[in-house]
$ cat coords_22.txt   # compact mmCIF, C-alpha atoms
# COMPACT_ATOMS: atom_id res chain seq x y z
CA MET A 1 21.05 10.49 3.11
CA ARG A 2 19.52 12.45 0.25
CA PRO A 3 18.78 16.11 1.01
CA ASP A 4 15.11 15.61 0.16
CA ARG A 5 14.63 12.85 2.72
CA ALA A 6 14.24 15.04 5.80
CA ALA A 7 10.55 15.65 6.40
CA PRO A 8 9.32 18.74 8.21
CA ALA A 9 6.16 18.81 10.28
CA TYR A 10 3.26 17.72 8.10
CA THR A 11 -0.46 18.22 7.81
CA PRO A 12 -2.36 14.91 7.90
CA VAL A 13 -4.30 14.22 4.72
CA VAL A 14 -6.86 11.62 3.76
CA ALA A 15 -5.12 8.51 2.46
CA ARG A 16 -4.90 8.02 -1.30
CA LEU A 17 -6.29 4.84 -2.82
CA GLY A 18 -4.13 2.72 -5.08
CA VAL A 19 -6.10 -0.02 -6.83
CA ASN A 20 -4.30 -3.28 -7.52
CA ILE A 21 -5.61 -4.81 -10.75
CA ASP A 22 -3.58 -8.04 -10.72
CA HIS A 23 -6.62 -10.28 -10.45
CA VAL A 24 -8.24 -8.82 -13.52
CA ALA A 25 -5.23 -10.29 -15.31
CA THR A 26 -5.62 -13.51 -13.29
CA VAL A 27 -9.04 -14.05 -14.88
CA ARG A 28 -7.62 -13.32 -18.34
CA GLN A 29 -4.68 -15.69 -17.92
CA ALA A 30 -6.95 -18.51 -16.76
CA ARG A 31 -7.96 -18.88 -20.43
CA ARG A 32 -4.92 -17.20 -22.04
CA ALA A 33 -7.48 -14.90 -23.62
CA ALA A 34 -7.50 -11.20 -24.46
CA GLU A 35 -10.14 -10.30 -21.90
CA PRO A 36 -10.66 -8.95 -19.34
CA ASP A 37 -8.07 -6.30 -20.09
CA PRO A 38 -6.29 -4.92 -16.99
CA VAL A 39 -5.57 -1.70 -18.86
CA GLN A 40 -9.30 -1.09 -19.29
CA ALA A 41 -9.74 -1.92 -15.61
CA ALA A 42 -7.13 0.72 -14.75
CA VAL A 43 -8.99 3.37 -16.72
CA LEU A 44 -12.26 2.52 -14.97
CA ALA A 45 -10.54 2.50 -11.58
CA GLU A 46 -9.30 6.03 -12.18
CA LEU A 47 -12.78 7.12 -13.27
CA GLY A 48 -14.08 5.66 -10.00
CA GLY A 49 -11.72 7.79 -7.94
CA ALA A 50 -8.51 5.78 -7.67
CA ASP A 51 -5.43 7.91 -7.01
CA GLY A 52 -3.14 5.32 -8.52
CA VAL A 53 -2.89 1.87 -10.10
CA THR A 54 -0.79 -0.95 -8.68
CA VAL A 55 0.34 -4.13 -10.40
CA HIS A 56 2.70 -6.92 -9.36
CA LEU A 57 4.94 -8.16 -12.16
CA ARG A 58 5.86 -11.62 -10.91
CA SER A 59 8.80 -13.60 -12.18
CA ASP A 60 6.47 -16.39 -13.33
CA ARG A 61 4.13 -13.90 -15.07
CA ARG A 62 1.11 -15.64 -13.56
CA HIS A 63 -1.11 -12.60 -14.11
CA ILE A 64 0.35 -9.25 -15.16
CA GLN A 65 2.53 -9.47 -18.30
CA ASP A 66 5.36 -7.24 -19.50
CA ARG A 67 3.15 -5.79 -22.24
CA ASP A 68 0.55 -4.80 -19.63
CA ILE A 69 3.17 -2.74 -17.80
CA GLU A 70 4.27 -1.03 -21.00
CA ILE A 71 0.73 -0.04 -21.97
CA LEU A 72 -0.24 0.96 -18.45
CA ARG A 73 2.70 3.35 -18.36
CA GLN A 74 1.18 5.13 -21.37
CA VAL A 75 -2.43 5.03 -20.18
CA VAL A 76 -2.44 5.61 -16.42
CA LYS A 77 -3.05 9.28 -15.67
CA THR A 78 -2.59 9.15 -11.88
CA ARG A 79 0.33 7.12 -10.50
CA LEU A 80 1.65 3.74 -11.62
CA ASN A 81 3.10 1.61 -8.84
CA VAL A 82 4.81 -1.64 -9.86
CA GLU A 83 5.40 -4.28 -7.21
CA MET A 84 8.36 -6.52 -7.96
CA ALA A 85 11.04 -8.69 -6.43
CA ALA A 86 14.50 -7.21 -5.93
CA THR A 87 16.10 -8.99 -8.89
CA GLN A 88 18.22 -7.75 -11.75
CA GLU A 89 15.53 -8.74 -14.26
CA MET A 90 12.97 -6.58 -12.49
CA VAL A 91 15.37 -3.66 -12.05
CA ARG A 92 16.00 -3.71 -15.80
CA ILE A 93 12.27 -3.66 -16.53
CA ALA A 94 11.67 -0.83 -14.07
CA LEU A 95 14.40 1.30 -15.60
CA THR A 96 12.93 0.70 -19.06
CA VAL A 97 9.26 1.29 -18.24
CA LYS A 98 9.79 4.06 -15.67
CA PRO A 99 6.75 3.67 -13.37
CA ASP A 100 6.16 6.42 -10.85
CA GLN A 101 7.04 4.04 -8.04
CA VAL A 102 8.48 0.59 -7.50
CA THR A 103 7.47 -1.37 -4.41
CA LEU A 104 9.92 -4.12 -3.55
CA VAL A 105 8.19 -7.23 -2.24
CA PRO A 106 9.20 -10.77 -1.28
CA GLU A 107 8.22 -13.42 -3.77
CA ARG A 108 7.97 -17.21 -3.66
CA ARG A 109 6.85 -19.14 -6.73
CA GLU A 110 4.59 -21.50 -4.74
CA GLU A 111 2.66 -18.81 -2.84
CA LEU A 112 -0.87 -17.85 -3.87
CA THR A 113 -0.28 -14.25 -2.86
CA THR A 114 2.42 -12.35 -1.00
CA GLU A 115 2.63 -14.08 2.36
CA GLY A 116 4.54 -11.54 4.43
CA GLY A 117 6.66 -8.46 4.43
CA LEU A 118 10.11 -8.13 2.94
CA ASP A 119 12.82 -8.76 5.54
CA ALA A 120 14.80 -5.57 5.03
CA VAL A 121 17.06 -6.32 8.00
CA LEU A 122 18.12 -9.76 6.75
CA ASN A 123 18.40 -8.66 3.11
CA SER A 124 19.80 -5.15 3.51
CA VAL A 125 23.03 -5.92 1.63
CA GLN A 126 21.04 -7.12 -1.39
CA LEU A 127 18.41 -4.38 -1.18
CA ARG A 128 20.65 -1.35 -0.82
CA PRO A 129 22.11 -1.40 -4.39
CA VAL A 130 18.71 -2.23 -5.87
CA VAL A 131 17.13 0.76 -4.12
CA ARG A 132 19.97 3.01 -5.24
CA THR A 133 19.87 1.86 -8.87
CA VAL A 134 16.11 2.29 -9.18
CA GLN A 135 16.26 5.72 -7.57
CA GLU A 136 18.99 6.76 -9.97
CA GLY A 137 16.40 6.11 -12.68
CA SER A 138 14.21 8.82 -11.08
CA ILE A 139 11.75 6.24 -9.70
CA ARG A 140 10.49 6.33 -6.13
CA VAL A 141 11.11 3.18 -4.10
CA SER A 142 8.90 1.70 -1.40
CA LEU A 143 9.51 -1.45 0.66
CA PHE A 144 6.63 -3.74 1.61
CA VAL A 145 7.40 -4.64 5.23
CA ASP A 146 5.65 -6.04 8.27
CA PRO A 147 4.73 -3.44 10.93
CA ASP A 148 7.92 -4.12 12.87
CA LEU A 149 9.98 -1.20 14.15
CA GLU A 150 13.30 -2.73 13.14
CA GLN A 151 12.06 -3.22 9.57
CA VAL A 152 10.96 0.40 9.43
CA LYS A 153 14.34 1.58 10.70
CA GLU A 154 16.15 -0.54 8.13
CA ALA A 155 14.02 0.82 5.30
CA HIS A 156 15.14 4.27 6.36
CA LYS A 157 18.78 3.19 6.57
CA ILE A 158 18.84 1.85 3.03
CA ASP A 159 17.33 5.13 1.83
CA ALA A 160 13.88 4.03 0.62
CA HIS A 161 11.40 6.81 -0.06
CA ALA A 162 8.50 4.92 1.51
CA ILE A 163 7.31 1.84 3.32
CA GLU A 164 4.12 -0.09 2.72
CA LEU A 165 3.00 -1.69 5.97
CA ASN A 166 1.63 -5.22 5.66
CA THR A 167 -1.90 -5.14 7.07
CA ALA A 168 -2.49 -8.91 6.84
CA ALA A 169 -2.40 -9.51 10.62
CA TYR A 170 -5.01 -6.80 11.12
CA ALA A 171 -7.17 -7.97 8.23
CA ASP A 172 -7.02 -11.63 9.27
CA ALA A 173 -7.64 -11.07 13.01
CA ARG A 174 -10.50 -13.27 14.23
CA ASP A 175 -11.36 -11.38 17.40
CA GLU A 176 -11.41 -7.82 18.64
CA THR A 177 -8.40 -8.24 20.93
CA SER A 178 -6.20 -9.54 18.13
CA ARG A 179 -7.46 -6.85 15.78
CA GLU A 180 -6.69 -4.07 18.27
CA GLU A 181 -3.21 -5.46 18.88
CA ALA A 182 -2.51 -5.64 15.16
CA LEU A 183 -3.80 -2.10 14.66
CA ARG A 184 -1.59 -0.87 17.50
CA LYS A 185 1.46 -2.31 15.75
CA LEU A 186 0.43 -0.54 12.54
CA VAL A 187 0.07 2.73 14.45
CA ASP A 188 3.52 2.39 16.06
CA ALA A 189 5.21 1.50 12.78
CA ALA A 190 3.43 4.29 10.90
CA ARG A 191 4.43 6.87 13.50
CA LEU A 192 8.06 5.76 13.40
CA GLY A 193 8.09 5.79 9.61
CA ARG A 194 6.73 9.30 9.54
CA LYS A 195 9.21 10.42 12.21
CA LEU A 196 12.07 9.09 10.09
CA GLY A 197 10.84 10.99 7.03
CA LEU A 198 9.37 8.04 5.13
CA ASP A 199 6.09 8.15 3.25
CA VAL A 200 3.83 5.56 4.85
CA HIS A 201 1.56 3.31 2.78
CA ALA A 202 -0.40 0.25 3.88
CA GLY A 203 -2.15 -2.71 2.36
CA HIS A 204 -2.82 -6.45 2.11
CA GLY A 205 -6.15 -8.06 2.87
CA LEU A 206 -8.03 -4.80 3.38
CA THR A 207 -11.75 -4.92 2.62
CA TYR A 208 -14.77 -2.64 2.55
CA ARG A 209 -15.55 -3.83 6.08
CA ASN A 210 -12.18 -3.28 7.76
CA VAL A 211 -10.53 -0.46 5.83
CA ALA A 212 -11.87 2.50 7.80
CA ALA A 213 -9.60 2.16 10.84
CA VAL A 214 -6.43 1.99 8.74
CA ALA A 215 -7.55 4.77 6.41
CA ALA A 216 -8.09 6.96 9.47
CA LEU A 217 -4.45 6.73 10.64
CA PRO A 218 -3.07 10.25 10.09
CA GLU A 219 0.42 9.01 9.20
CA VAL A 220 -0.79 6.79 6.35
CA ASP A 221 -0.52 8.47 2.95
CA GLU A 222 -1.83 5.67 0.76
CA LEU A 223 -3.67 2.36 0.82
CA ASN A 224 -3.17 -0.29 -1.85
CA ILE A 225 -6.15 -2.62 -2.21
CA GLY A 226 -6.74 -5.23 -4.88
CA HIS A 227 -8.56 -8.50 -4.35
CA ASN A 228 -11.60 -7.16 -2.51
CA ILE A 229 -12.17 -4.43 -5.09
CA VAL A 230 -11.80 -6.80 -8.04
CA ALA A 231 -14.14 -9.31 -6.34
CA ARG A 232 -16.75 -6.57 -5.95
CA ALA A 233 -16.13 -5.36 -9.50
CA VAL A 234 -17.11 -8.77 -10.87
CA LEU A 235 -20.61 -8.06 -9.54
CA VAL A 236 -21.05 -4.30 -9.93
CA GLY A 237 -18.29 -3.11 -12.27
CA MET A 238 -14.88 -1.62 -11.56
CA GLU A 239 -15.89 2.04 -11.48
CA ARG A 240 -18.62 1.48 -8.89
CA ALA A 241 -16.46 -0.90 -6.85
CA VAL A 242 -13.73 1.72 -6.56
CA ARG A 243 -16.23 4.43 -5.62
CA GLU A 244 -17.59 2.18 -2.88
CA MET A 245 -14.08 1.66 -1.50
CA VAL A 246 -13.46 5.40 -1.54
CA ASP A 247 -16.65 5.77 0.48
CA ALA A 248 -15.60 3.01 2.90
CA MET A 249 -12.32 4.87 3.47
CA GLY A 250 -14.33 7.87 4.60
CA ARG A 251 -13.22 10.16 1.78
CA ARG A 252 -16.68 11.39 0.78
$ encode --input "coords_22.txt" --output "structure tokens"
Amino acid sequence: MRPDRAAPAYTPVVARLGVNIDHVATVRQARRAAEPDPVQAAVLAELGGADGVTVHLRSDRRHIQDRDIEILRQVVKTRLNVEMAATQEMVRIALTVKPDQVTLVPERREELTTEGGLDAVLNSVQLRPVVRTVQEGSIRVSLFVDPDLEQVKEAHKIDAHAIELNTAAYADARDETSREEALRKLVDAARLGRKLGLDVHAGHGLTYRNVAAVAALPEVDELNIGHNIVARAVLVGMERAVREMVDAMGRR
């Protein structure tokens, strides 16, 4: 275990907001055009109060492109978080571009969006050297996992800096009972992550309507939200859409 992993008692802070701009690039790629430019969207997101910018560089390059990552690294003034699969191609890109953080995620070519958390328990042998190599490049590593205690423990064992808890079950809950159960699992996983010295992030499917309860969890350092912000931005602009999400998180 690295010496800097042990975490002393902490003072809860309001969660940071990372804005995922993938779907700005989705619109661009639909016509293979130059616009809308995700780099411009990143600048506006920061002006609106974003604490970081997140992008997912997929193996099929369906939205974000390699050039986007390179330019974003030069332009983003807050924190650049790159989601990627745990492959040698992606490790090479990460070590070249040097984002502030890499979040390792599962990836299937046929999925519309990430469908679940990374199985750190099943894939620990594959993940451990990837985590180590990326960290040796002075890049923080987070694992996107379901709010399962065994997954959190495994993320700690393979020496990740952080976990991002998959909030899909909470976001997709159709009734109050299911929503409360999903939130309880998030609470338990977040508390364990914090106890083990991990930074705790959360995201997937969060909206202006449901974000407040997750943002209020004292163990959660950061939320990563994309689709709902970009959908709102189509109507009111990126800067205002981000400000509205900051408000919905209870930060103002």
$ atom_distance --input "coords_22.txt" --atom1 "CA of Gln151 (chain A)" --atom2 "CA of Asn166 (chain A)"
11.3 Å
$ residues_around --input "coords_22.txt" --residues "region 126-128 of chain A" --least-positions-apart "2" --cutoff "8 Å" --atoms "all atoms listed in the file" --output "PyMOL selection string"
chain A and resi 86+120+123-124+130-132+158-159
$ closest_residue --input "coords_22.txt" --among "A:Gly193, A:Gly250, A:Pro218, A:Gly116" --to "Leu149 (chain A)" --atoms "all atoms listed in the file"
A:Gly193
$ closest_residue --input "coords_22.txt" --among "A:Ala202, A:Pro129, A:Tyr208, A:Gln135" --to "Arg243 (chain A)" --atoms "only C-alpha atoms"
A:Tyr208
$ atom_distance --input "coords_22.txt" --atom1 "CA of Val82 (chain A)" --atom2 "CA of His56 (chain A)"
5.7 Å
$ closest_residue --input "coords_22.txt" --among "A:Gly226, A:Gly137, A:Gly205, A:Pro38" --to "Ile64 (chain A)" --atoms "all atoms listed in the file"
A:Pro38
$ closest_residue --input "coords_22.txt" --among "A:Ala50, A:Leu143, A:Ala34, A:Ala212" --to "Glu83 (chain A)" --atoms "only C-alpha atoms"
A:Leu143
$ axis_aligned_box --input "coords_22.txt" --around "region 119-135 of chain A" --padding-each-side "5 Å" --output "lines of an AutoDock Vina configuration file"
center_x = 17.9
center_y = -2.0
center_z = -0.6
size_x = 20.2
size_y = 25.5
size_z = 27.2
$ atom_distance --input "coords_22.txt" --atom1 "CA of Ile21 (chain A)" --atom2 "CA of Val134 (chain A)"
22.9 Å
$ residues_around --input "coords_22.txt" --residues "Ala182 (chain A)" --least-positions-apart "4" --cutoff "8 Å" --atoms "only C-alpha atoms" --output "PyMOL selection string"
chain A and resi 169-170+173+178+186
$ write_last_selection --input "coords_22.txt" --atoms "C-alpha atoms" --output "tab-separated table (two decimals), in the frame of the given file"
chain	number	residue	atom	x	y	z
A	169	ALA	CA	-2.40	-9.51	10.62
A	170	TYR	CA	-5.01	-6.80	11.12
A	173	ALA	CA	-7.64	-11.07	13.01
A	178	SER	CA	-6.20	-9.54	18.13
A	186	LEU	CA	0.43	-0.54	12.54
$ residues_near_point --input "coords_22.txt" --point "(-11.7, -9.4, 7.9)" --cutoff "8 Å" --atoms "all atoms listed in the file" --output "list in words"
Tyr170, Ala171, Asp172, Ala173, Arg174, Gly205, Leu206, Thr207, Arg209 and Asn210 of chain A
$ residues_near_point --input "coords_22.txt" --point "(13.6, -4.7, 16.2)" --cutoff "12 Å" --atoms "all atoms listed in the file" --output "number ranges by chain"
A: 119-122, 146-154, 189
$ closest_residue --input "coords_22.txt" --among "A:Leu217, A:Leu118, A:Leu57, A:Leu165" --to "Val91 (chain A)" --atoms "all atoms listed in the file"
A:Leu57
$ closest_residue --input "coords_22.txt" --among "A:Arg32, A:Arg240, A:Arg140, A:Arg58" --to "Val105 (chain A)" --atoms "all atoms listed in the file"
A:Arg58
$ build_atoms --input "coords_22.txt" --residues "region 118-139 of chain A" --atoms "N, CA, C and O atoms" --output "mmCIF file, in the coordinates of the input"
data_model
loop_
_atom_site.group_PDB
_atom_site.id
_atom_site.type_symbol
_atom_site.label_atom_id
_atom_site.label_comp_id
_atom_site.auth_asym_id
_atom_site.auth_seq_id
_atom_site.Cartn_x
_atom_site.Cartn_y
_atom_site.Cartn_z
ATOM 1 N N LEU A 118 8.706 -7.979 3.311
ATOM 2 C CA LEU A 118 10.110 -8.130 2.940
ATOM 3 C C LEU A 118 10.968 -7.985 4.189
ATOM 4 O O LEU A 118 10.756 -7.081 4.993
ATOM 5 N N ASP A 119 11.926 -8.872 4.390
ATOM 6 C CA ASP A 119 12.820 -8.760 5.540
ATOM 7 C C ASP A 119 13.976 -7.845 5.157
ATOM 8 O O ASP A 119 15.008 -8.289 4.647
ATOM 9 N N ALA A 120 13.786 -6.557 5.404
ATOM 10 C CA ALA A 120 14.800 -5.570 5.030
ATOM 11 C C ALA A 120 16.051 -5.700 5.880
ATOM 12 O O ALA A 120 17.148 -5.382 5.424
ATOM 13 N N VAL A 121 15.908 -6.161 7.111
ATOM 14 C CA VAL A 121 17.060 -6.320 8.000
ATOM 15 C C VAL A 121 17.952 -7.453 7.483
ATOM 16 O O VAL A 121 19.159 -7.290 7.319
ATOM 17 N N LEU A 122 17.359 -8.596 7.213
ATOM 18 C CA LEU A 122 18.120 -9.760 6.750
ATOM 19 C C LEU A 122 18.717 -9.535 5.367
ATOM 20 O O LEU A 122 19.819 -10.002 5.064
ATOM 21 N N ASN A 123 18.001 -8.801 4.509
ATOM 22 C CA ASN A 123 18.400 -8.660 3.110
ATOM 23 C C ASN A 123 18.934 -7.269 2.764
ATOM 24 O O ASN A 123 18.971 -6.890 1.591
ATOM 25 N N SER A 124 19.384 -6.532 3.752
ATOM 26 C CA SER A 124 19.800 -5.150 3.510
ATOM 27 C C SER A 124 20.945 -5.038 2.514
ATOM 28 O O SER A 124 20.985 -4.116 1.687
ATOM 29 N N VAL A 125 21.883 -5.970 2.551
ATOM 30 C CA VAL A 125 23.030 -5.920 1.630
ATOM 31 C C VAL A 125 22.566 -6.072 0.191
ATOM 32 O O VAL A 125 23.068 -5.401 -0.722
ATOM 33 N N GLN A 126 21.587 -6.932 -0.045
ATOM 34 C CA GLN A 126 21.040 -7.120 -1.390
ATOM 35 C C GLN A 126 20.167 -5.940 -1.792
ATOM 36 O O GLN A 126 20.181 -5.502 -2.951
ATOM 37 N N LEU A 127 19.391 -5.414 -0.855
ATOM 38 C CA LEU A 127 18.410 -4.380 -1.180
ATOM 39 C C LEU A 127 19.033 -3.018 -1.442
ATOM 40 O O LEU A 127 18.553 -2.266 -2.299
ATOM 41 N N ARG A 128 20.086 -2.688 -0.730
ATOM 42 C CA ARG A 128 20.650 -1.350 -0.820
ATOM 43 C C ARG A 128 21.022 -0.962 -2.259
ATOM 44 O O ARG A 128 20.619 0.104 -2.744
ATOM 45 N N PRO A 129 21.774 -1.795 -3.001
ATOM 46 C CA PRO A 129 22.110 -1.400 -4.390
ATOM 47 C C PRO A 129 20.908 -1.382 -5.314
ATOM 48 O O PRO A 129 20.862 -0.598 -6.267
ATOM 49 N N VAL A 130 19.927 -2.233 -5.051
ATOM 50 C CA VAL A 130 18.710 -2.230 -5.870
ATOM 51 C C VAL A 130 17.963 -0.911 -5.675
ATOM 52 O O VAL A 130 17.542 -0.262 -6.643
ATOM 53 N N VAL A 131 17.804 -0.514 -4.415
ATOM 54 C CA VAL A 131 17.130 0.760 -4.120
ATOM 55 C C VAL A 131 17.862 1.915 -4.791
ATOM 56 O O VAL A 131 17.256 2.766 -5.435
ATOM 57 N N ARG A 132 19.172 1.915 -4.670
ATOM 58 C CA ARG A 132 19.970 3.010 -5.240
ATOM 59 C C ARG A 132 19.843 3.053 -6.754
ATOM 60 O O ARG A 132 19.649 4.128 -7.345
ATOM 61 N N THR A 133 19.924 1.903 -7.407
ATOM 62 C CA THR A 133 19.870 1.860 -8.870
ATOM 63 C C THR A 133 18.514 2.331 -9.389
ATOM 64 O O THR A 133 18.439 3.100 -10.357
ATOM 65 N N VAL A 134 17.435 1.878 -8.746
ATOM 66 C CA VAL A 134 16.110 2.290 -9.180
ATOM 67 C C VAL A 134 15.908 3.785 -8.963
ATOM 68 O O VAL A 134 15.363 4.496 -9.822
ATOM 69 N N GLN A 135 16.387 4.284 -7.835
ATOM 70 C CA GLN A 135 16.260 5.720 -7.570
ATOM 71 C C GLN A 135 17.059 6.556 -8.553
ATOM 72 O O GLN A 135 16.634 7.655 -8.938
ATOM 73 N N GLU A 136 18.189 6.037 -8.978
ATOM 74 C CA GLU A 136 18.990 6.760 -9.970
ATOM 75 C C GLU A 136 18.259 6.871 -11.298
ATOM 76 O O GLU A 136 18.596 7.711 -12.135
ATOM 77 N N GLY A 137 17.257 6.013 -11.493
ATOM 78 C CA GLY A 137 16.400 6.110 -12.680
ATOM 79 C C GLY A 137 15.225 7.037 -12.472
ATOM 80 O O GLY A 137 14.275 7.021 -13.261
ATOM 81 N N SER A 138 15.269 7.852 -11.403
ATOM 82 C CA SER A 138 14.210 8.820 -11.080
ATOM 83 C C SER A 138 12.883 8.135 -10.774
ATOM 84 O O SER A 138 11.805 8.624 -11.154
ATOM 85 N N ILE A 139 12.938 6.993 -10.101
ATOM 86 C CA ILE A 139 11.750 6.240 -9.700
ATOM 87 C C ILE A 139 11.743 6.147 -8.183
ATOM 88 O O ILE A 139 12.756 5.781 -7.570
#
